[in-house]
Every structure is written in structure tokens, then in C-alpha cells.
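Next up, structure.txt (compact mmCIF, C-alpha atoms):
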```txt
# COMPACT_ATOMS: atom_id res chain seq x y z
CA MET A 1 -60.09 -148.58 19.89
CA ASP A 2 -59.99 -147.41 23.55
CA SER A 3 -58.64 -149.70 26.24
CA ARG A 4 -56.39 -149.73 29.26
CA HIS A 5 -54.22 -152.29 27.49
CA LYS A 6 -53.79 -149.97 24.52
CA ALA A 7 -52.83 -147.06 26.76
CA LEU A 8 -50.14 -149.10 28.49
CA ARG A 9 -48.92 -150.58 25.21
CA LEU A 10 -48.75 -147.12 23.64
CA LEU A 11 -46.60 -145.80 26.46
CA ALA A 12 -44.43 -148.93 26.41
CA LEU A 13 -43.88 -148.68 22.65
CA ALA A 14 -43.02 -144.99 22.92
CA THR A 15 -40.48 -145.76 25.66
CA PHE A 16 -39.05 -148.65 23.64
CA SER A 17 -38.68 -146.43 20.58
CA LEU A 18 -36.94 -143.76 22.65
CA SER A 19 -34.39 -146.38 23.76
CA LEU A 20 -33.47 -147.13 20.15
CA PHE A 21 -32.73 -143.63 18.91
CA GLY A 22 -29.00 -144.26 19.01
CA CYS A 23 -29.26 -146.47 15.94
CA ALA A 24 -27.20 -145.82 12.82
CA ALA A 25 -27.89 -142.52 11.11
CA VAL A 26 -30.09 -142.21 8.04
CA PRO A 27 -28.34 -141.10 4.82
CA ARG A 28 -28.05 -137.29 4.71
CA ALA A 29 -30.26 -136.97 1.61
CA GLU A 30 -33.18 -138.57 3.45
CA ARG A 31 -32.93 -136.65 6.72
CA ASP A 32 -35.84 -134.53 7.86
CA PRO A 33 -35.62 -132.29 10.96
CA ARG A 34 -39.07 -133.47 12.06
CA ASP A 35 -38.06 -137.12 11.75
CA PRO A 36 -34.74 -137.64 13.56
CA TRP A 37 -35.70 -141.25 14.41
CA GLN A 38 -36.29 -142.15 10.79
CA ARG A 39 -34.29 -145.39 10.88
CA VAL A 40 -36.51 -146.87 13.59
CA ASN A 41 -39.65 -145.30 12.10
CA ARG A 42 -39.03 -146.82 8.67
CA THR A 43 -38.56 -150.26 10.20
CA THR A 44 -41.79 -149.89 12.15
CA PHE A 45 -43.59 -148.56 9.08
CA LYS A 46 -42.48 -151.58 7.06
CA PHE A 47 -43.81 -153.86 9.79
CA ASP A 48 -47.11 -151.96 9.90
CA MET A 49 -47.59 -152.21 6.14
CA GLY A 50 -46.82 -155.93 6.21
CA PHE A 51 -49.29 -156.45 9.03
CA GLU A 52 -51.89 -154.42 7.18
CA LYS A 53 -51.41 -156.29 3.90
CA HIS A 54 -51.27 -159.85 5.21
CA ILE A 55 -53.47 -159.75 8.33
CA ALA A 56 -55.58 -156.63 8.88
CA ALA A 57 -56.75 -156.11 5.28
CA PRO A 58 -57.92 -159.72 4.70
CA VAL A 59 -59.76 -159.74 8.04
CA ALA A 60 -61.34 -156.35 7.31
CA THR A 61 -62.42 -157.56 3.84
CA GLY A 62 -64.01 -160.64 5.36
CA TYR A 63 -65.78 -158.45 7.89
CA GLU A 64 -67.18 -156.23 5.13
CA ASP A 65 -68.37 -159.26 3.17
CA ALA A 66 -70.02 -160.88 6.19
CA VAL A 67 -71.62 -157.85 7.84
CA PRO A 68 -74.24 -155.76 5.99
CA HIS A 69 -73.47 -152.10 5.42
CA VAL A 70 -76.35 -150.92 7.60
CA VAL A 71 -74.99 -152.95 10.52
CA ARG A 72 -71.46 -151.65 10.00
CA LEU A 73 -72.81 -148.11 9.88
CA GLY A 74 -74.65 -148.66 13.16
CA ILE A 75 -71.47 -150.02 14.78
CA SER A 76 -69.51 -147.03 13.48
CA ASN A 77 -72.12 -144.61 14.85
CA PHE A 78 -72.14 -146.39 18.22
CA PHE A 79 -68.39 -146.16 18.76
CA ASP A 80 -68.19 -142.62 17.45
CA ASN A 81 -70.83 -141.68 20.01
CA LEU A 82 -69.04 -143.63 22.74
CA SER A 83 -65.84 -141.66 22.12
CA TYR A 84 -67.65 -138.29 22.20
CA PRO A 85 -67.08 -137.51 25.91
CA ALA A 86 -63.39 -137.03 25.05
CA VAL A 87 -64.37 -134.50 22.38
CA ILE A 88 -66.52 -132.60 24.89
CA VAL A 89 -63.75 -132.53 27.50
CA ASN A 90 -61.32 -131.14 24.91
CA ASP A 91 -63.88 -128.52 23.88
CA LEU A 92 -63.67 -127.18 27.43
CA LEU A 93 -59.88 -127.46 27.65
CA GLN A 94 -59.56 -125.46 24.42
CA GLY A 95 -62.07 -122.83 25.52
CA GLN A 96 -64.49 -123.77 22.72
CA PHE A 97 -67.65 -123.16 24.72
CA LYS A 98 -69.95 -122.86 21.70
CA TRP A 99 -68.78 -126.25 20.46
CA PHE A 100 -69.01 -127.62 23.99
CA LEU A 101 -72.75 -126.87 24.01
CA LYS A 102 -73.23 -128.24 20.49
CA ASP A 103 -71.27 -131.41 21.16
CA THR A 104 -73.05 -132.01 24.46
CA CYS A 105 -76.39 -131.68 22.69
CA ARG A 106 -75.16 -134.02 19.95
CA LEU A 107 -74.18 -136.65 22.52
CA VAL A 108 -77.54 -136.39 24.29
CA VAL A 109 -79.55 -136.56 21.04
CA ASN A 110 -77.67 -139.53 19.61
CA SER A 111 -77.65 -141.36 22.95
CA THR A 112 -81.43 -141.01 23.32
CA LEU A 113 -83.18 -140.56 19.98
CA GLY A 114 -80.32 -142.42 18.31
CA ILE A 115 -80.83 -145.46 20.59
CA GLY A 116 -77.49 -145.46 22.34
CA GLY A 117 -75.69 -143.99 19.35
CA LEU A 118 -76.63 -146.66 16.80
CA PHE A 119 -78.25 -143.93 14.71
CA ASN A 120 -77.14 -140.37 14.02
CA PRO A 121 -80.18 -138.05 14.14
CA ALA A 122 -78.05 -135.20 15.52
CA SER A 123 -76.42 -134.55 12.13
CA GLN A 124 -79.86 -134.30 10.52
CA ILE A 125 -80.94 -131.53 12.91
CA GLY A 126 -77.86 -129.35 12.46
CA LEU A 127 -75.44 -130.80 15.03
CA PRO A 128 -72.46 -131.93 12.93
CA PRO A 129 -69.70 -134.14 14.34
CA ASP A 130 -66.62 -132.53 15.84
CA ASP A 131 -63.13 -133.93 16.20
CA ARG A 132 -60.94 -132.88 19.13
CA ASP A 133 -58.41 -134.85 21.12
CA PHE A 134 -55.80 -134.29 23.79
CA GLY A 135 -52.94 -134.14 21.30
CA GLN A 136 -54.69 -131.26 19.57
CA THR A 137 -55.38 -129.61 22.93
CA PHE A 138 -51.70 -129.80 23.85
CA GLY A 139 -50.92 -128.13 20.52
CA LYS A 140 -53.43 -125.36 21.24
CA TRP A 141 -51.67 -124.83 24.56
CA GLY A 142 -48.40 -124.24 22.71
CA ILE A 143 -46.74 -127.60 23.36
CA PRO A 144 -44.61 -128.52 20.31
CA PRO A 145 -45.28 -131.85 18.56
CA GLY A 146 -41.82 -133.26 19.08
CA PRO A 147 -40.28 -135.79 16.69
CA TYR A 148 -42.38 -137.82 14.30
CA LEU A 149 -43.01 -141.31 15.62
CA VAL A 150 -44.39 -144.45 13.96
CA LEU A 151 -45.93 -146.88 16.45
CA PRO A 152 -46.36 -150.61 15.77
CA ILE A 153 -49.95 -151.34 14.67
CA LEU A 154 -51.11 -147.87 15.80
CA GLY A 155 -49.36 -146.11 12.91
CA PRO A 156 -48.13 -142.51 12.49
CA SER A 157 -47.92 -140.13 15.43
CA ASP A 158 -45.55 -137.76 17.16
CA VAL A 159 -44.48 -137.55 20.79
CA ARG A 160 -47.20 -135.05 21.70
CA ASP A 161 -49.97 -137.04 20.03
CA ALA A 162 -48.72 -140.36 21.44
CA VAL A 163 -49.12 -138.98 24.96
CA GLY A 164 -52.46 -137.46 23.96
CA GLN A 165 -53.76 -140.80 22.66
CA ALA A 166 -52.93 -142.46 25.96
CA ILE A 167 -54.85 -139.78 27.86
CA ASP A 168 -57.80 -140.02 25.43
CA VAL A 169 -58.34 -143.56 26.70
CA PHE A 170 -59.23 -142.30 30.16
CA ALA A 171 -61.95 -140.04 28.75
CA SER A 172 -63.80 -143.03 27.28
CA PRO A 173 -66.66 -144.61 29.26
CA MET A 174 -65.28 -148.02 28.28
CA HIS A 175 -62.26 -147.38 30.47
CA TYR A 176 -64.44 -147.57 33.55
CA THR A 177 -66.17 -150.89 32.84
CA PRO A 178 -65.09 -153.45 35.47
CA ASN A 179 -65.46 -156.51 33.22
CA THR A 180 -62.47 -157.13 30.93
CA LEU A 181 -64.53 -159.16 28.45
CA ILE A 182 -67.05 -156.32 28.15
CA TRP A 183 -64.10 -154.04 27.37
CA TYR A 184 -62.13 -156.09 24.84
CA THR A 185 -65.02 -157.52 22.79
CA PRO A 186 -66.36 -154.15 21.60
CA ASP A 187 -62.78 -152.91 21.26
CA ALA A 188 -62.06 -155.74 18.80
CA VAL A 189 -65.26 -155.00 16.86
CA ASP A 190 -64.39 -151.30 16.74
CA THR A 191 -60.92 -152.14 15.43
CA LEU A 192 -62.42 -154.31 12.67
CA ASN A 193 -64.85 -151.56 11.76
CA ASP A 194 -62.09 -148.94 11.59
CA ASP A 195 -59.89 -151.20 9.46
CA ALA A 196 -62.75 -151.68 7.02
CA ARG A 197 -63.33 -147.91 6.79
CA LEU A 198 -59.61 -147.16 6.30
CA GLN A 199 -58.94 -149.64 3.51
CA PRO A 200 -59.28 -147.10 0.64
CA MET A 201 -56.85 -144.68 2.34
CA LEU A 202 -54.34 -147.45 3.12
CA HIS A 203 -54.54 -148.63 -0.48
CA LEU A 204 -53.64 -145.09 -1.57
CA VAL A 205 -50.67 -144.99 0.79
CA MET A 206 -49.33 -148.37 -0.34
CA HIS A 207 -49.38 -147.23 -3.98
CA ALA A 208 -47.90 -143.79 -3.39
CA TYR A 209 -44.60 -142.74 -4.99
CA ASN A 210 -42.90 -142.88 -1.59
CA PRO A 211 -45.31 -144.53 0.89
CA TYR A 212 -43.31 -143.71 4.03
CA ALA A 213 -42.81 -140.04 3.16
CA PHE A 214 -46.39 -139.75 1.88
CA MET A 215 -47.79 -141.02 5.17
CA ARG A 216 -45.47 -138.85 7.23
CA HIS A 217 -46.25 -135.61 5.42
CA ALA A 218 -49.97 -136.37 5.22
CA TYR A 219 -50.11 -136.99 8.95
CA LEU A 220 -48.04 -133.96 9.93
CA SER A 221 -50.02 -131.74 7.57
CA GLN A 222 -53.35 -132.90 8.95
CA ARG A 223 -52.26 -132.46 12.56
CA HIS A 224 -50.83 -129.00 11.81
CA TYR A 225 -54.19 -128.02 10.33
CA MET A 226 -56.11 -129.37 13.33
CA VAL A 227 -54.00 -127.29 15.71
CA HIS A 228 -53.39 -124.11 13.70
CA GLY A 229 -56.19 -124.10 11.14
CA PRO A 230 -55.75 -123.08 7.48
CA SER A 231 -52.72 -120.94 8.25
CA ARG A 232 -49.54 -120.53 6.32
CA GLY A 233 -46.23 -121.91 7.35
CA ASN A 234 -47.13 -125.59 7.07
CA PRO A 235 -44.08 -127.25 5.50
CA ALA A 236 -45.67 -130.68 5.61
CA ALA A 237 -48.46 -129.60 3.24
CA GLU A 238 -46.00 -128.19 0.71
CA GLU A 239 -43.82 -131.29 0.81
CA LEU A 240 -46.88 -133.50 0.39
CA LYS A 241 -47.75 -131.64 -2.82
CA GLU A 242 -44.21 -132.24 -4.06
CA LEU A 243 -44.48 -135.95 -3.29
CA GLN A 244 -47.81 -136.19 -5.07
CA GLY A 245 -46.34 -134.41 -8.08
CA ALA A 246 -43.32 -136.68 -8.16
CA GLY A 247 -45.57 -139.72 -8.29
CA LYS A 248 -47.44 -138.59 -11.41
```
Structure rendered as C-alpha cells:
Amino acid sequence: MDSRHKALRLLALATFSLSLFGCAAVPRAERDPRDPWQRVNRTTFKFDMGFEKHIAAPVATGYEDAVPHVVRLGISNFFDNLSYPAVIVNDLLQGQFKWFLKDTCRLVVNSTLGIGGLFNPASQIGLPPDDRDFGQTFGKWGIPPGPYLVLPILGPSDVRDAVGQAIDVFASPMHYTPNTLIWYTPDAVDTLNDDARLQPMLHLVMHAYNPYAFMRHAYLSQRHYMVHGPSRGNPAAEELKELQGAGK
């Protein structure tokens, strides 16, 4: 999923969205202080769901049918390992030195004994995967998330995480490959693999009581947890419970 093209597109889409925030207001009953750009976000969300239903999901299903599970697992392991330098950098930026050592060891083990990351022996010897990114790091530094933002194809985000995603690209080794074909071919395979893995979750979202609100609150709740941990004062989590209850 990492590429220079994606970084530029992400920034361009964020800028484009910012230029549209003067659109007509959303009805008062649907306003949310975290989502002041809801009119544009809902339009983008509708596009994303249509793209997912008619293009991404069929392609991902065909990929799952054509590629054996063991091969897909190896591809998933490979790209997870390839993205791990970004995790290690964010360990340092967050002052997580214990995790920095663990994650560095995990990268070395999987890159060597795991044959370039195709296998995951690190988890079997007590080095579990970690998940840190620049958006989370910005949150740890006290930078607020800013308004909720839905990006075309890329999905839910907020201003802080959108900037963080763009920076994450530059922490990937793939960013520094000189050959464009070498870059985009694995990027396309990684995208297919991710789409296949996300199908159950996307199916859940599409059949939720209020898909847009469900996705928004699920995303904001998860990001709040990643930054602040299991602390109180997470309105997104409470509203997600209410949405889930309303759909029963």
C-alpha cells in the first residue's frame, strides 16, 4: 500500500476536500462536532462503498479463489515485514525503547529466518507484532486529530492521520526503489491482499444499521484507543455501542 503516488494523491485529496468545506450544511440532527465536513464525507463514503461493492470486492474474491491460502499468507507476511521499519521509527519517536528493541529483533528474525519476511518465526519465539504509525505518534505528542475525513478509495481518516499516512510512505523501503515497475507491481499485489483480508469487516459495515456512522465511530474509537489506551472519555466508543444497539 506504500507508494510515492499514494502519498501525493493523499495530500491532493485532502487539499481538494478542504476546498469543498463551504458546501451546504448537514441537517442539525445529524451534525457531529468531530465531523463538520459531513456533507462531503458522506458523498465520498458512498463512492467508496460503491467502488468496494462493484470493483474491489469482486477482484478480491477472484484473488482469493485463484491464490492458495498459504501463498496469500506469505504475501501478507512479506508486506507486513516490509512496512516494519515505520513501526520501529515510531517506537523511537514515542519513546518506546523496550518495543524498539523487540520490533528491531522481530524485523531481523523475520527478514533472515523468515526468508525475507515470507514466514513469521518471530511470533513463535515471543516477538509479537506491533502497530505504530506517524498519526499515532502525532497524537502521543499532543496534536489533536482534527476533523474526521473520508478519503476516496483510502477510506476513513482524520486530518492528523491523513498527514501521518503520507509520512508513513517515506519510512517504507519501497519508497527508495528507483524502478517504478518494481514499486507499483508489489503495491498492487499488497492492495489485493489487503482487500481480501478486509472483506469480512467491510461486509459488516455495509450491513450495519447506519453504515456511515458505524464506520466513523469505529474508526475514531480505534484511533483514540491507539493514542490514549483503554482510558475513559472516549465518546466514539460510547456512540458506537448505541449504534450497535439501535441495529438489533
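Between atom CA of A:Gln136 and atom CA of A:Gln96 the separation is 12.7 Å.
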Box centre and edge lengths (Å, one decimal), axis-aligned, stretch 127-130 of chain A plus 8 Å each side, as JSON:
```
{"center_x": -71.0, "center_y": -132.5, "center_z": 14.4, "size_x": 24.8, "size_y": 19.3, "size_z": 18.9}
```
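Proximity of A:Arg31, A:Lys46, A:Arg132, A:Arg216 to A:Val87, computed with only C-alpha atoms, is greatest for A:Arg132.
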Problem set entry | Within 8 Å of A:Val205 using all atoms listed in the file, minus same-chain residues under 5 positions, as an NGL selection string | :A and (211 or 214-215)
Please produce a file of those selected residues containing C-alpha atoms, as a PDB file, in the coordinates of the input.
```pdb
ATOM      1  CA  PRO A 211     -45.310-144.530   0.890  1.00  0.00           C
ATOM      2  CA  PHE A 214     -46.390-139.750   1.880  1.00  0.00           C
ATOM      3  CA  MET A 215     -47.790-141.020   5.170  1.00  0.00           C
TER       4      MET A 215
END
```
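With distances taken over all atoms listed in the file, A:Arg223 is the one residue among A:His54, A:Arg39, A:Arg223, A:His217 lying closest to A:Arg160.
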Problem set entry | Which of A:Pro145, A:Gly139, A:Phe100, A:Asn120 sits closest to A:Gly229 [using only C-alpha atoms] | A:Gly139
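Applying the 10 Å criterion to (-48.0, -138.1, 20.4) in file coordinates and using all atoms listed in the file, one obtains the residues Leu10, Leu11, Ala14, Phe134, Gly135, Gln136, Phe138, Pro145, Gly146, Pro147, Tyr148, Leu149, Val150, Leu151, Pro156, Ser157, Asp158, Val159, Arg160, Asp161, Ala162, Val163, Gly164, Gln165 and Ala166 of chain A.
Straight-line separation from atom CA of A:Asp133 to atom CA of A:His228: 14.0 Å.
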Problem set entry | Atomic distance atom CA of A:Ser172 - atom CA of A:Asn90, expressed in Å with one decimal | 12.4 Å
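Closest approach to A:Asn77 from the set A:Pro58, A:Gly114, A:Pro144, A:Gly155 is made by A:Gly114, with distances taken over all atoms listed in the file.
The shortest atom-to-atom distance to A:Asn110, with only C-alpha atoms taken into account, belongs to A:Asp80 out of A:Glu64, A:Asp80, A:Asp168, A:Asp35.
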Problem set entry | Residue nearest A:Thr104 - candidates A:Pro121, A:Pro85, A:Pro68, A:Pro128, atoms counted: all atoms listed in the file | A:Pro85
